Amino acid sequence: MPEPTTLQHFIGGKPTAPAAGEYFESTNPATRRPLYRAARGNATDIDRAVTAATAAFEDPRWRDLSQTRRGHLLRRLGDLIAEHAEELARTETLDNGKLLREMRGQLATLPEYYHYYAGLADKIHGDVIPTSDRRVLNYTAREPLGVVGAITPWNSPLTLTSSKLAPALCAGNTVVVKPSEHTSASVLRLAELALEAGFPPGAVNVVTGFGAEAGQPLVDHPGLAKISFTGSTATGSRIASAAAGRFIGSTLELGGKSPNIVFEDADIPNAAMGVVAGIFAAAGQTCIAGSRVLVHRSVHDELLERVTARARAIRIGDPLEETTELGPLAFADQRDKVAGYVDLGREEGARVLTGGRATDGGGLGGWFYEPTILVDVDNSMRVVREEIFGPVLAVLPFDTEEEAVRIANDTEYGLAAGVWTTSLSRAHRMADRLEAGTVWVNTYRAMSPMSPRQGFKTSGVGVEHGTETIKEYTRLKSVWINTGEEPVADPFTMRS
Ligand code: NAD
């Protein structure tokens with residue numbers, strides 16, 4: 001077998017060997033075969049990357065670049081991603097086991113992230129404020145922050161990195177990315193493409209490695225102006241505390257336990273597809289997974305029959321194959337975590353309607369787990385309250401809209417929610433009453449870089465996507481210019 005490739009950090013526009021000379025192995029989760037060795041970053045590597053990003057931020061080649069030109073670079077990067085879409089999609093599938101079909105879909109829309117912020121780059125500006133004193137010109141300016149740290153998870157590495165990178169660059173910052181230790185390869189390639197697009201060396205840096213060894217030093221680095229994090233709620237909480245202690249901002253996109261609510265007036269075949277897509281697409285390894293299905297008792301059996309039949313027919317196998325519908329979980333611990341939760345559910349009294357077993361993916365040898373449906377559950381059980389991040393669905397019946405709202409909102413999370421109904425008024429009522437940053441009606445998992453999103457409760461802080469997120473990557477300056485020629489007023493009569 002050939003030696004696995006070795007991946008270095010990408011610092012100051014160059015592949016850079018790790019300071020400690022150490023590497024870690026990444027494995028193909030479908031086959032458990034070694035994929036590559038990646039640089040094992042530490043505080044010294046982070047310091048080098050922040051230093052390179054600081055130099056790039058202060059370099060007139062970046063600092064004085066017009067906003068229009070910044071837009072051109074983002075457009076070029078989007079175009080390069082489109083040209084390399086197939087290569088990038090395969091890289092991600094080999095790394096995290098998600099279906100090639102799904103990663104191709106993500107890569108088909110990824111250029112839009114850069115094209116959208118390319119269009120926005122020359123529209124970032126302040127205002128002139130009409131204060132009560134007409135002799136004073138008061139205006140605001142939106143300035144970049146400096147070096148932004150981006151820490152990302154493994155489930156959709158390029159998409160989740162781009163949600164941060166595109167607006168951060170659009171606003172004139174430079175960036176240090178610490179991708180997940182499970183998926184280093186595609187983000188390193190993205191940094192190379194950014195250089196090729198014309199971003200100056202040091203504008204985009206990547207340090208690979210583990211959370212405690214590379215992520216924590218990035219959050220703690222005094223040269224960092226902002227941290228943008230996507231990952232679990234537990235890690236997000238630690239990062240937010242560290243950032244607050246240093247008075248830098250943090251944008252956090254965290255976990256979820258999203259309700260997908262099916263009313264008696266829904267189109268049941270459509271709703272069943274939406275439920276299956278919500279939890280079994282991506283093997284449930286998505287923050288917005290519709291992992292709790294709330295279904296009106298009168299349509300409970302019909303919906304469950306359809307969802308169960310589709311779940312049992314899901315083709316498990318090699319994620320590179322066009323016909324595969326469910327790939328492996330991304331790594332061994334993740335599979336063990338999912339299996340552990342299903343065992344816990346059994347102990348709590350849940351009944352496994354289908355699934356509930358680990359498999360080797362038809363002889364591939366990877367970390368697969370069957371699509372699993374749990375019934376006889378209630379909202380107090382841990383399998384219903386905690387994020388599993390796998391293909392495990394809990395089904396809860398309800399009798400009234402009021403009860404559906406109560407169960408849906410009875411969670412620490414508030415990332416997303418789905419509603420299936422043919423009643424326009426009910427759709428609006430639910431959208432109004434659900435405590436979730438994103439509400440989908442008669443669809444699920446729809447997303448666009450144009451549409452701002454925010455996790456409520458422990459699912460996040462701050463906004464990603466859309467024009468709104470630019471505020472997360474800029475600071476506001478207020479400038480007062482006295483245009484009058486009168487002498488400055490007596491200081492002891494000035495207003496406080
Ligand atoms: P994780 O929190 O374990 O790791 C995320 C990243 O943080 C990784 O790069 C990791 O190395 C790093 N990290 C870990 N400890 C750290 C520390 N102490 N300091 C700094 N960095 C540290 O999450 P994960 O398992 O990689 O991803 C799954 C989680 O991400 C799920 O909870 C999921 O819901 C969430 N997620 C949220 C969104 C969203 O948009 N809300 C999207 C995708 C995933």
# chains A, B, ... in the order shown; residues from 1 in each chain; ligands from 1
call {"tool": "select_by_dssp", "arguments": {"residues": "segment 201-301 of chain A", "states": "helix (DSSP H, G or I)", "output": "ChimeraX atom specification"}}
result
/A:211-220,233-245,268-284,297-301
call {"tool": "residues_near_ligand", "arguments": {"ligand": "ligand 1", "cutoff": "6 Å", "atoms": "only C-alpha atoms and all ligand atoms", "output": "ChimeraX atom specification"}}
result
/A:151-154,178-181,210-212,215-216,230-233,235,253-256,286-287
call {"tool": "residues_around", "arguments": {"residues": "segment 21-24 of chain A", "least_positions_apart": "5", "cutoff": "8 Å", "atoms": "only C-alpha atoms", "output": "PyMOL selection string"}}
result
chain A and resi 37-41+209
call {"tool": "write_last_selection", "arguments": {"atoms": "N, CA and C atoms", "output": "mmCIF file, in the first residue's frame"}}
result
data_model
loop_
_atom_site.group_PDB
_atom_site.id
_atom_site.type_symbol
_atom_site.label_atom_id
_atom_site.label_comp_id
_atom_site.auth_asym_id
_atom_site.auth_seq_id
_atom_site.Cartn_x
_atom_site.Cartn_y
_atom_site.Cartn_z
ATOM 1 N N ARG A 37 -1.427 11.957 6.486
ATOM 2 C CA ARG A 37 -0.917 12.432 7.771
ATOM 3 C C ARG A 37 -0.972 13.950 7.721
ATOM 4 N N ALA A 38 -1.477 14.580 8.767
ATOM 5 C CA ALA A 38 -1.559 16.048 8.773
ATOM 6 C C ALA A 38 -0.719 16.607 9.909
ATOM 7 N N ALA A 39 -0.225 17.826 9.691
ATOM 8 C CA ALA A 39 0.605 18.487 10.700
ATOM 9 C C ALA A 39 -0.176 18.630 12.008
ATOM 10 N N ARG A 40 0.488 18.286 13.109
ATOM 11 C CA ARG A 40 -0.154 18.380 14.415
ATOM 12 C C ARG A 40 0.220 19.727 15.042
ATOM 13 N N GLY A 41 -0.682 20.697 14.879
ATOM 14 C CA GLY A 41 -0.371 22.073 15.267
ATOM 15 C C GLY A 41 -0.312 22.261 16.770
ATOM 16 N N GLY A 209 -4.836 20.370 13.302
ATOM 17 C CA GLY A 209 -4.517 19.771 14.600
ATOM 18 C C GLY A 209 -5.729 19.679 15.498
#
call {"tool": "closest_residue", "arguments": {"among": "A:Ala431, A:Ala330, A:Leu320, A:Leu304", "to": "Leu393 of chain A", "atoms": "only C-alpha atoms"}}
result
A:Leu304
call {"tool": "residues_around", "arguments": {"residues": "Lys257 of chain A", "least_positions_apart": "3", "cutoff": "12 Å", "atoms": "only C-alpha atoms", "output": "MDAnalysis selection string"}}
result
chainID A and resid 232:233 254 260 278:279 284:293 379 382:390 392:394 407:418 435:436 455:459
call {"tool": "residues_around", "arguments": {"residues": "segment 98-107 of chain A", "least_positions_apart": "2", "cutoff": "10 Å", "atoms": "only C-alpha atoms", "output": "PyMOL selection string"}}
result
chain A and resi 29-30+81-82+84-96+109-112+155-156+158-159+281-283+285+317-330
call {"tool": "atom_distance", "arguments": {"atom1": "atom CA of Trp367 of chain A", "atom2": "atom CA of Gly345 of chain A"}}
result
20.2 Å
call {"tool": "residues_around", "arguments": {"residues": "Gly172 of chain A", "least_positions_apart": "5", "cutoff": "10 Å", "atoms": "only C-alpha atoms", "output": "PDB file with all heavy atoms, in the first residue's frame"}}
result
ATOM      1  N   PHE A  57      -2.514  41.723   7.326  1.00  0.00           N
ATOM      2  CA  PHE A  57      -3.547  42.731   7.619  1.00  0.00           C
ATOM      3  C   PHE A  57      -2.967  44.139   7.536  1.00  0.00           C
ATOM      4  O   PHE A  57      -3.626  45.076   7.069  1.00  0.00           O
ATOM      5  CB  PHE A  57      -4.131  42.477   9.019  1.00  0.00           C
ATOM      6  CG  PHE A  57      -5.228  43.437   9.392  1.00  0.00           C
ATOM      7  CD1 PHE A  57      -6.458  43.370   8.761  1.00  0.00           C
ATOM      8  CD2 PHE A  57      -5.024  44.411  10.360  1.00  0.00           C
ATOM      9  CE1 PHE A  57      -7.476  44.262   9.083  1.00  0.00           C
ATOM     10  CE2 PHE A  57      -6.033  45.305  10.688  1.00  0.00           C
ATOM     11  CZ  PHE A  57      -7.266  45.230  10.048  1.00  0.00           C
ATOM     12  N   TRP A  62      -2.937  44.663   1.146  1.00  0.00           N
ATOM     13  CA  TRP A  62      -4.272  44.247   1.574  1.00  0.00           C
ATOM     14  C   TRP A  62      -5.027  45.423   2.189  1.00  0.00           C
ATOM     15  O   TRP A  62      -6.153  45.716   1.809  1.00  0.00           O
ATOM     16  CB  TRP A  62      -4.173  43.082   2.575  1.00  0.00           C
ATOM     17  CG  TRP A  62      -5.499  42.597   3.103  1.00  0.00           C
ATOM     18  CD1 TRP A  62      -5.947  42.702   4.391  1.00  0.00           C
ATOM     19  CD2 TRP A  62      -6.540  41.949   2.366  1.00  0.00           C
ATOM     20  NE1 TRP A  62      -7.205  42.145   4.499  1.00  0.00           N
ATOM     21  CE2 TRP A  62      -7.593  41.674   3.265  1.00  0.00           C
ATOM     22  CE3 TRP A  62      -6.701  41.582   1.031  1.00  0.00           C
ATOM     23  CZ2 TRP A  62      -8.780  41.052   2.884  1.00  0.00           C
ATOM     24  CZ3 TRP A  62      -7.882  40.954   0.643  1.00  0.00           C
ATOM     25  CH2 TRP A  62      -8.901  40.703   1.564  1.00  0.00           C
ATOM     26  N   ARG A  63      -4.358  46.136   3.094  1.00  0.00           N
ATOM     27  CA  ARG A  63      -5.024  47.217   3.827  1.00  0.00           C
ATOM     28  C   ARG A  63      -5.571  48.289   2.880  1.00  0.00           C
ATOM     29  O   ARG A  63      -6.664  48.810   3.077  1.00  0.00           O
ATOM     30  CB  ARG A  63      -4.028  47.837   4.821  1.00  0.00           C
ATOM     31  CG  ARG A  63      -4.658  48.670   5.923  1.00  0.00           C
ATOM     32  CD  ARG A  63      -3.598  49.451   6.670  1.00  0.00           C
ATOM     33  NE  ARG A  63      -2.751  50.210   5.738  1.00  0.00           N
ATOM     34  CZ  ARG A  63      -1.459  50.463   5.928  1.00  0.00           C
ATOM     35  NH1 ARG A  63      -0.844  50.019   6.995  1.00  0.00           N
ATOM     36  NH2 ARG A  63      -0.785  51.167   5.042  1.00  0.00           N
ATOM     37  N   ASP A  64      -4.787  48.616   1.843  1.00  0.00           N
ATOM     38  CA  ASP A  64      -5.185  49.711   0.956  1.00  0.00           C
ATOM     39  C   ASP A  64      -5.917  49.237  -0.297  1.00  0.00           C
ATOM     40  O   ASP A  64      -6.218  50.037  -1.186  1.00  0.00           O
ATOM     41  CB  ASP A  64      -3.942  50.524   0.535  1.00  0.00           C
ATOM     42  CG  ASP A  64      -3.299  51.191   1.740  1.00  0.00           C
ATOM     43  OD1 ASP A  64      -3.973  51.297   2.780  1.00  0.00           O
ATOM     44  OD2 ASP A  64      -2.113  51.585   1.647  1.00  0.00           O
ATOM     45  N   LEU A  65      -6.154  47.952  -0.368  1.00  0.00           N
ATOM     46  CA  LEU A  65      -6.872  47.430  -1.534  1.00  0.00           C
ATOM     47  C   LEU A  65      -8.298  47.990  -1.535  1.00  0.00           C
ATOM     48  O   LEU A  65      -8.942  48.020  -0.485  1.00  0.00           O
ATOM     49  CB  LEU A  65      -6.925  45.901  -1.426  1.00  0.00           C
ATOM     50  CG  LEU A  65      -7.273  45.109  -2.670  1.00  0.00           C
ATOM     51  CD1 LEU A  65      -6.149  45.211  -3.702  1.00  0.00           C
ATOM     52  CD2 LEU A  65      -7.487  43.633  -2.294  1.00  0.00           C
ATOM     53  N   SER A  66      -8.775  48.453  -2.674  1.00  0.00           N
ATOM     54  CA  SER A  66     -10.140  49.012  -2.677  1.00  0.00           C
ATOM     55  C   SER A  66     -11.147  47.901  -2.418  1.00  0.00           C
ATOM     56  O   SER A  66     -10.874  46.727  -2.671  1.00  0.00           O
ATOM     57  CB  SER A  66     -10.438  49.667  -4.027  1.00  0.00           C
ATOM     58  OG  SER A  66     -10.658  48.662  -4.993  1.00  0.00           O
ATOM     59  N   GLN A  67     -12.295  48.291  -1.908  1.00  0.00           N
ATOM     60  CA  GLN A  67     -13.326  47.301  -1.615  1.00  0.00           C
ATOM     61  C   GLN A  67     -13.779  46.605  -2.904  1.00  0.00           C
ATOM     62  O   GLN A  67     -14.113  45.431  -2.903  1.00  0.00           O
ATOM     63  CB  GLN A  67     -14.489  47.962  -0.867  1.00  0.00           C
ATOM     64  CG  GLN A  67     -14.069  48.381   0.521  1.00  0.00           C
ATOM     65  CD  GLN A  67     -15.158  49.044   1.339  1.00  0.00           C
ATOM     66  OE1 GLN A  67     -14.855  49.961   2.078  1.00  0.00           O
ATOM     67  NE2 GLN A  67     -16.390  48.620   1.222  1.00  0.00           N
ATOM     68  N   ARG A  70     -11.332  43.902  -3.539  1.00  0.00           N
ATOM     69  CA  ARG A  70     -11.581  42.780  -2.618  1.00  0.00           C
ATOM     70  C   ARG A  70     -12.693  41.900  -3.180  1.00  0.00           C
ATOM     71  O   ARG A  70     -12.625  40.681  -3.145  1.00  0.00           O
ATOM     72  CB  ARG A  70     -11.996  43.305  -1.246  1.00  0.00           C
ATOM     73  CG  ARG A  70     -10.823  43.459  -0.352  1.00  0.00           C
ATOM     74  CD  ARG A  70     -11.055  43.739   1.090  1.00  0.00           C
ATOM     75  NE  ARG A  70     -12.253  44.266   1.617  1.00  0.00           N
ATOM     76  CZ  ARG A  70     -12.317  45.366   2.385  1.00  0.00           C
ATOM     77  NH1 ARG A  70     -11.236  46.073   2.611  1.00  0.00           N
ATOM     78  NH2 ARG A  70     -13.450  45.746   2.902  1.00  0.00           N
ATOM     79  N   ALA A 121     -18.885  43.380  -1.161  1.00  0.00           N
ATOM     80  CA  ALA A 121     -17.636  43.995  -0.676  1.00  0.00           C
ATOM     81  C   ALA A 121     -17.634  45.519  -0.834  1.00  0.00           C
ATOM     82  O   ALA A 121     -17.168  46.238   0.043  1.00  0.00           O
ATOM     83  CB  ALA A 121     -16.442  43.377  -1.405  1.00  0.00           C
ATOM     84  N   GLU A 143     -15.068  49.368  10.067  1.00  0.00           N
ATOM     85  CA  GLU A 143     -13.685  48.963   9.859  1.00  0.00           C
ATOM     86  C   GLU A 143     -13.517  47.464  10.059  1.00  0.00           C
ATOM     87  O   GLU A 143     -14.217  46.882  10.892  1.00  0.00           O
ATOM     88  CB  GLU A 143     -12.788  49.660  10.896  1.00  0.00           C
ATOM     89  CG  GLU A 143     -12.811  51.159  10.825  1.00  0.00           C
ATOM     90  CD  GLU A 143     -11.882  51.769  11.867  1.00  0.00           C
ATOM     91  OE1 GLU A 143     -11.537  51.086  12.863  1.00  0.00           O
ATOM     92  OE2 GLU A 143     -11.504  52.946  11.684  1.00  0.00           O
ATOM     93  N   PRO A 144     -12.570  46.860   9.339  1.00  0.00           N
ATOM     94  CA  PRO A 144     -12.275  45.458   9.647  1.00  0.00           C
ATOM     95  C   PRO A 144     -11.715  45.342  11.053  1.00  0.00           C
ATOM     96  O   PRO A 144     -11.209  46.318  11.622  1.00  0.00           O
ATOM     97  CB  PRO A 144     -11.232  45.078   8.597  1.00  0.00           C
ATOM     98  CG  PRO A 144     -10.676  46.355   8.089  1.00  0.00           C
ATOM     99  CD  PRO A 144     -11.728  47.410   8.269  1.00  0.00           C
ATOM    100  N   LEU A 145     -11.778  44.132  11.617  1.00  0.00           N
ATOM    101  CA  LEU A 145     -11.344  43.942  13.002  1.00  0.00           C
ATOM    102  C   LEU A 145      -9.848  43.665  13.105  1.00  0.00           C
ATOM    103  O   LEU A 145      -9.194  44.054  14.062  1.00  0.00           O
ATOM    104  CB  LEU A 145     -12.093  42.746  13.601  1.00  0.00           C
ATOM    105  CG  LEU A 145     -13.610  42.889  13.677  1.00  0.00           C
ATOM    106  CD1 LEU A 145     -14.249  41.546  14.017  1.00  0.00           C
ATOM    107  CD2 LEU A 145     -13.973  43.925  14.727  1.00  0.00           C
ATOM    108  N   GLY A 146      -9.325  42.921  12.129  1.00  0.00           N
ATOM    109  CA  GLY A 146      -7.928  42.490  12.214  1.00  0.00           C
ATOM    110  C   GLY A 146      -7.842  41.023  11.860  1.00  0.00           C
ATOM    111  O   GLY A 146      -8.378  40.587  10.840  1.00  0.00           O
ATOM    112  N   VAL A 147      -7.209  40.244  12.751  1.00  0.00           N
ATOM    113  CA  VAL A 147      -7.071  38.802  12.487  1.00  0.00           C
ATOM    114  C   VAL A 147      -8.261  38.061  13.099  1.00  0.00           C
ATOM    115  O   VAL A 147      -8.511  38.154  14.301  1.00  0.00           O
ATOM    116  CB  VAL A 147      -5.749  38.258  13.075  1.00  0.00           C
ATOM    117  CG1 VAL A 147      -5.636  36.760  12.809  1.00  0.00           C
ATOM    118  CG2 VAL A 147      -4.560  39.014  12.504  1.00  0.00           C
ATOM    119  N   PRO A 167     -17.319  36.232   4.450  1.00  0.00           N
ATOM    120  CA  PRO A 167     -17.612  37.565   4.993  1.00  0.00           C
ATOM    121  C   PRO A 167     -16.427  38.212   5.701  1.00  0.00           C
ATOM    122  O   PRO A 167     -16.269  39.442   5.659  1.00  0.00           O
ATOM    123  CB  PRO A 167     -18.767  37.320   5.964  1.00  0.00           C
ATOM    124  CG  PRO A 167     -18.758  35.861   6.257  1.00  0.00           C
ATOM    125  CD  PRO A 167     -18.156  35.190   5.066  1.00  0.00           C
ATOM    126  N   ALA A 203      -3.195  36.201   4.071  1.00  0.00           N
ATOM    127  CA  ALA A 203      -4.612  36.594   4.231  1.00  0.00           C
ATOM    128  C   ALA A 203      -5.440  35.406   4.704  1.00  0.00           C
ATOM    129  O   ALA A 203      -6.364  35.545   5.501  1.00  0.00           O
ATOM    130  CB  ALA A 203      -5.165  37.139   2.914  1.00  0.00           C
ATOM    131  N   TYR A 473     -18.020  41.001  11.615  1.00  0.00           N
ATOM    132  CA  TYR A 473     -16.618  41.057  11.175  1.00  0.00           C
ATOM    133  C   TYR A 473     -16.118  42.489  11.011  1.00  0.00           C
ATOM    134  O   TYR A 473     -15.083  42.713  10.390  1.00  0.00           O
ATOM    135  CB  TYR A 473     -16.459  40.262   9.868  1.00  0.00           C
ATOM    136  CG  TYR A 473     -16.730  38.788  10.097  1.00  0.00           C
ATOM    137  CD1 TYR A 473     -17.950  38.223   9.747  1.00  0.00           C
ATOM    138  CD2 TYR A 473     -15.772  37.987  10.718  1.00  0.00           C
ATOM    139  CE1 TYR A 473     -18.211  36.888   9.999  1.00  0.00           C
ATOM    140  CE2 TYR A 473     -16.023  36.648  10.978  1.00  0.00           C
ATOM    141  CZ  TYR A 473     -17.237  36.110  10.619  1.00  0.00           C
ATOM    142  OH  TYR A 473     -17.501  34.792  10.876  1.00  0.00           O
ATOM    143  N   THR A 474     -16.872  43.464  11.534  1.00  0.00           N
ATOM    144  CA  THR A 474     -16.430  44.860  11.466  1.00  0.00           C
ATOM    145  C   THR A 474     -16.663  45.524  12.819  1.00  0.00           C
ATOM    146  O   THR A 474     -17.423  45.024  13.655  1.00  0.00           O
ATOM    147  CB  THR A 474     -17.250  45.645  10.412  1.00  0.00           C
ATOM    148  OG1 THR A 474     -18.645  45.418  10.644  1.00  0.00           O
ATOM    149  CG2 THR A 474     -16.897  45.249   8.995  1.00  0.00           C
TER     150      THR A 474
END
call {"tool": "closest_residue", "arguments": {"among": "A:Val405, A:Ile227, A:Ala197, A:Leu74", "to": "Asp432 of chain A", "atoms": "only C-alpha atoms"}}
result
A:Val405
call {"tool": "closest_residue", "arguments": {"among": "A:Val377, A:Ala311, A:Ala166, A:Ala185", "to": "Tyr113 of chain A", "atoms": "only C-alpha atoms"}}
result
A:Ala166
call {"tool": "closest_residue", "arguments": {"among": "A:Thr131, A:Gln334, A:Thr467, A:Thr354", "to": "Ala168 of chain A", "atoms": "only C-alpha atoms"}}
result
A:Thr467
call {"tool": "atom_distance", "arguments": {"atom1": "atom CA of Leu137 of chain A", "atom2": "atom CA of Asp122 of chain A"}}
result
22.9 Å
call {"tool": "closest_atom_pairs", "arguments": {"of": "segment 344-462 of chain A", "to": "segment 266-270 of chain A", "cutoff": "10 Å", "atoms": "only C-alpha atoms", "output": "JSON lines"}}
result
{"residue": "A:Val419", "atom": "CA", "partner": "A:Ala266", "partner_atom": "CA", "distance": 8.9}
{"residue": "A:Trp420", "atom": "CA", "partner": "A:Ala266", "partner_atom": "CA", "distance": 5.3}
{"residue": "A:Thr421", "atom": "CA", "partner": "A:Ala266", "partner_atom": "CA", "distance": 4.1}
{"residue": "A:Thr422", "atom": "CA", "partner": "A:Ala266", "partner_atom": "CA", "distance": 5.4}
{"residue": "A:Ser423", "atom": "CA", "partner": "A:Ala266", "partner_atom": "CA", "distance": 8.2}
{"residue": "A:Asn442", "atom": "CA", "partner": "A:Asn270", "partner_atom": "CA", "distance": 7.8}
{"residue": "A:Thr443", "atom": "CA", "partner": "A:Asn270", "partner_atom": "CA", "distance": 8.7}
call {"tool": "closest_atom_pairs", "arguments": {"of": "segment 149-196 of chain A", "to": "segment 2-20 of chain A", "cutoff": "10 Å", "atoms": "only C-alpha atoms", "output": "JSON lines"}}
result
{"residue": "A:Val176", "atom": "CA", "partner": "A:Ile11", "partner_atom": "CA", "distance": 8.6}
{"residue": "A:Val177", "atom": "CA", "partner": "A:Phe10", "partner_atom": "CA", "distance": 9.6}
{"residue": "A:Lys178", "atom": "CA", "partner": "A:His9", "partner_atom": "CA", "distance": 9.8}
{"residue": "A:Ser184", "atom": "CA", "partner": "A:Leu7", "partner_atom": "CA", "distance": 8.3}
{"residue": "A:Ala185", "atom": "CA", "partner": "A:Leu7", "partner_atom": "CA", "distance": 7.4}
{"residue": "A:Val187", "atom": "CA", "partner": "A:Phe10", "partner_atom": "CA", "distance": 9.8}
{"residue": "A:Leu188", "atom": "CA", "partner": "A:Phe10", "partner_atom": "CA", "distance": 6.6}
{"residue": "A:Arg189", "atom": "CA", "partner": "A:Phe10", "partner_atom": "CA", "distance": 9.2}
{"residue": "A:Ala191", "atom": "CA", "partner": "A:Phe10", "partner_atom": "CA", "distance": 7.1}
{"residue": "A:Glu192", "atom": "CA", "partner": "A:Gly13", "partner_atom": "CA", "distance": 7.5}
{"residue": "A:Ala194", "atom": "CA", "partner": "A:Gly13", "partner_atom": "CA", "distance": 9.2}
{"residue": "A:Leu195", "atom": "CA", "partner": "A:Gly13", "partner_atom": "CA", "distance": 6.6}
{"residue": "A:Glu196", "atom": "CA", "partner": "A:Gly13", "partner_atom": "CA", "distance": 9.7}
call {"tool": "atom_distance", "arguments": {"atom1": "atom CA of Arg61 of chain A", "atom2": "atom CA of Glu472 of chain A"}}
result
23.5 Å
call {"tool": "decode", "arguments": {"residues": "segment 70-76 of chain A", "atoms": "all heavy atoms", "output": "PDB file, in the first residue's frame"}}
result
ATOM      1  N   ARG A  70     -11.332  43.902  -3.539  1.00  0.00           N
ATOM      2  CA  ARG A  70     -11.581  42.780  -2.618  1.00  0.00           C
ATOM      3  C   ARG A  70     -12.693  41.900  -3.180  1.00  0.00           C
ATOM      4  O   ARG A  70     -12.625  40.681  -3.145  1.00  0.00           O
ATOM      5  CB  ARG A  70     -11.996  43.305  -1.246  1.00  0.00           C
ATOM      6  CG  ARG A  70     -10.823  43.459  -0.352  1.00  0.00           C
ATOM      7  CD  ARG A  70     -11.055  43.739   1.090  1.00  0.00           C
ATOM      8  NE  ARG A  70     -12.253  44.266   1.617  1.00  0.00           N
ATOM      9  CZ  ARG A  70     -12.317  45.366   2.385  1.00  0.00           C
ATOM     10  NH1 ARG A  70     -11.236  46.073   2.611  1.00  0.00           N
ATOM     11  NH2 ARG A  70     -13.450  45.746   2.902  1.00  0.00           N
ATOM     12  N   GLY A  71     -13.704  42.556  -3.727  1.00  0.00           N
ATOM     13  CA  GLY A  71     -14.807  41.822  -4.345  1.00  0.00           C
ATOM     14  C   GLY A  71     -14.326  40.982  -5.519  1.00  0.00           C
ATOM     15  O   GLY A  71     -14.742  39.834  -5.683  1.00  0.00           O
ATOM     16  N   HIS A  72     -13.418  41.564  -6.331  1.00  0.00           N
ATOM     17  CA  HIS A  72     -12.900  40.800  -7.480  1.00  0.00           C
ATOM     18  C   HIS A  72     -12.207  39.520  -7.018  1.00  0.00           C
ATOM     19  O   HIS A  72     -12.350  38.460  -7.623  1.00  0.00           O
ATOM     20  CB  HIS A  72     -11.890  41.644  -8.281  1.00  0.00           C
ATOM     21  CG  HIS A  72     -12.522  42.779  -9.029  1.00  0.00           C
ATOM     22  ND1 HIS A  72     -11.789  43.728  -9.701  1.00  0.00           N
ATOM     23  CD2 HIS A  72     -13.825  43.111  -9.211  1.00  0.00           C
ATOM     24  CE1 HIS A  72     -12.621  44.601 -10.257  1.00  0.00           C
ATOM     25  NE2 HIS A  72     -13.845  44.248  -9.970  1.00  0.00           N
ATOM     26  N   LEU A  73     -11.424  39.639  -5.937  1.00  0.00           N
ATOM     27  CA  LEU A  73     -10.698  38.455  -5.437  1.00  0.00           C
ATOM     28  C   LEU A  73     -11.676  37.386  -4.967  1.00  0.00           C
ATOM     29  O   LEU A  73     -11.488  36.184  -5.219  1.00  0.00           O
ATOM     30  CB  LEU A  73      -9.755  38.855  -4.293  1.00  0.00           C
ATOM     31  CG  LEU A  73      -8.622  39.820  -4.649  1.00  0.00           C
ATOM     32  CD1 LEU A  73      -7.733  40.077  -3.428  1.00  0.00           C
ATOM     33  CD2 LEU A  73      -7.768  39.266  -5.786  1.00  0.00           C
ATOM     34  N   LEU A  74     -12.728  37.821  -4.269  1.00  0.00           N
ATOM     35  CA  LEU A  74     -13.723  36.844  -3.794  1.00  0.00           C
ATOM     36  C   LEU A  74     -14.415  36.162  -4.970  1.00  0.00           C
ATOM     37  O   LEU A  74     -14.668  34.961  -4.956  1.00  0.00           O
ATOM     38  CB  LEU A  74     -14.758  37.537  -2.894  1.00  0.00           C
ATOM     39  CG  LEU A  74     -14.251  37.872  -1.495  1.00  0.00           C
ATOM     40  CD1 LEU A  74     -15.124  38.939  -0.837  1.00  0.00           C
ATOM     41  CD2 LEU A  74     -14.224  36.621  -0.610  1.00  0.00           C
ATOM     42  N   ARG A  75     -14.700  36.960  -6.019  1.00  0.00           N
ATOM     43  CA  ARG A  75     -15.349  36.378  -7.204  1.00  0.00           C
ATOM     44  C   ARG A  75     -14.435  35.337  -7.845  1.00  0.00           C
ATOM     45  O   ARG A  75     -14.855  34.242  -8.190  1.00  0.00           O
ATOM     46  CB  ARG A  75     -15.709  37.482  -8.209  1.00  0.00           C
ATOM     47  CG  ARG A  75     -16.263  36.977  -9.525  1.00  0.00           C
ATOM     48  CD  ARG A  75     -17.163  37.981 -10.184  1.00  0.00           C
ATOM     49  NE  ARG A  75     -18.445  38.105  -9.514  1.00  0.00           N
ATOM     50  CZ  ARG A  75     -19.441  37.242  -9.641  1.00  0.00           C
ATOM     51  NH1 ARG A  75     -19.310  36.190 -10.420  1.00  0.00           N
ATOM     52  NH2 ARG A  75     -20.570  37.412  -9.009  1.00  0.00           N
ATOM     53  N   ARG A  76     -13.153  35.691  -7.926  1.00  0.00           N
ATOM     54  CA  ARG A  76     -12.188  34.768  -8.536  1.00  0.00           C
ATOM     55  C   ARG A  76     -12.087  33.482  -7.700  1.00  0.00           C
ATOM     56  O   ARG A  76     -12.017  32.387  -8.252  1.00  0.00           O
ATOM     57  CB  ARG A  76     -10.832  35.469  -8.626  1.00  0.00           C
ATOM     58  CG  ARG A  76      -9.710  34.626  -9.147  1.00  0.00           C
ATOM     59  CD  ARG A  76      -9.632  34.620 -10.666  1.00  0.00           C
ATOM     60  NE  ARG A  76      -8.660  33.650 -11.135  1.00  0.00           N
ATOM     61  CZ  ARG A  76      -8.939  32.509 -11.744  1.00  0.00           C
ATOM     62  NH1 ARG A  76     -10.174  32.177 -12.025  1.00  0.00           N
ATOM     63  NH2 ARG A  76      -7.989  31.682 -12.120  1.00  0.00           N
TER      64      ARG A  76
END
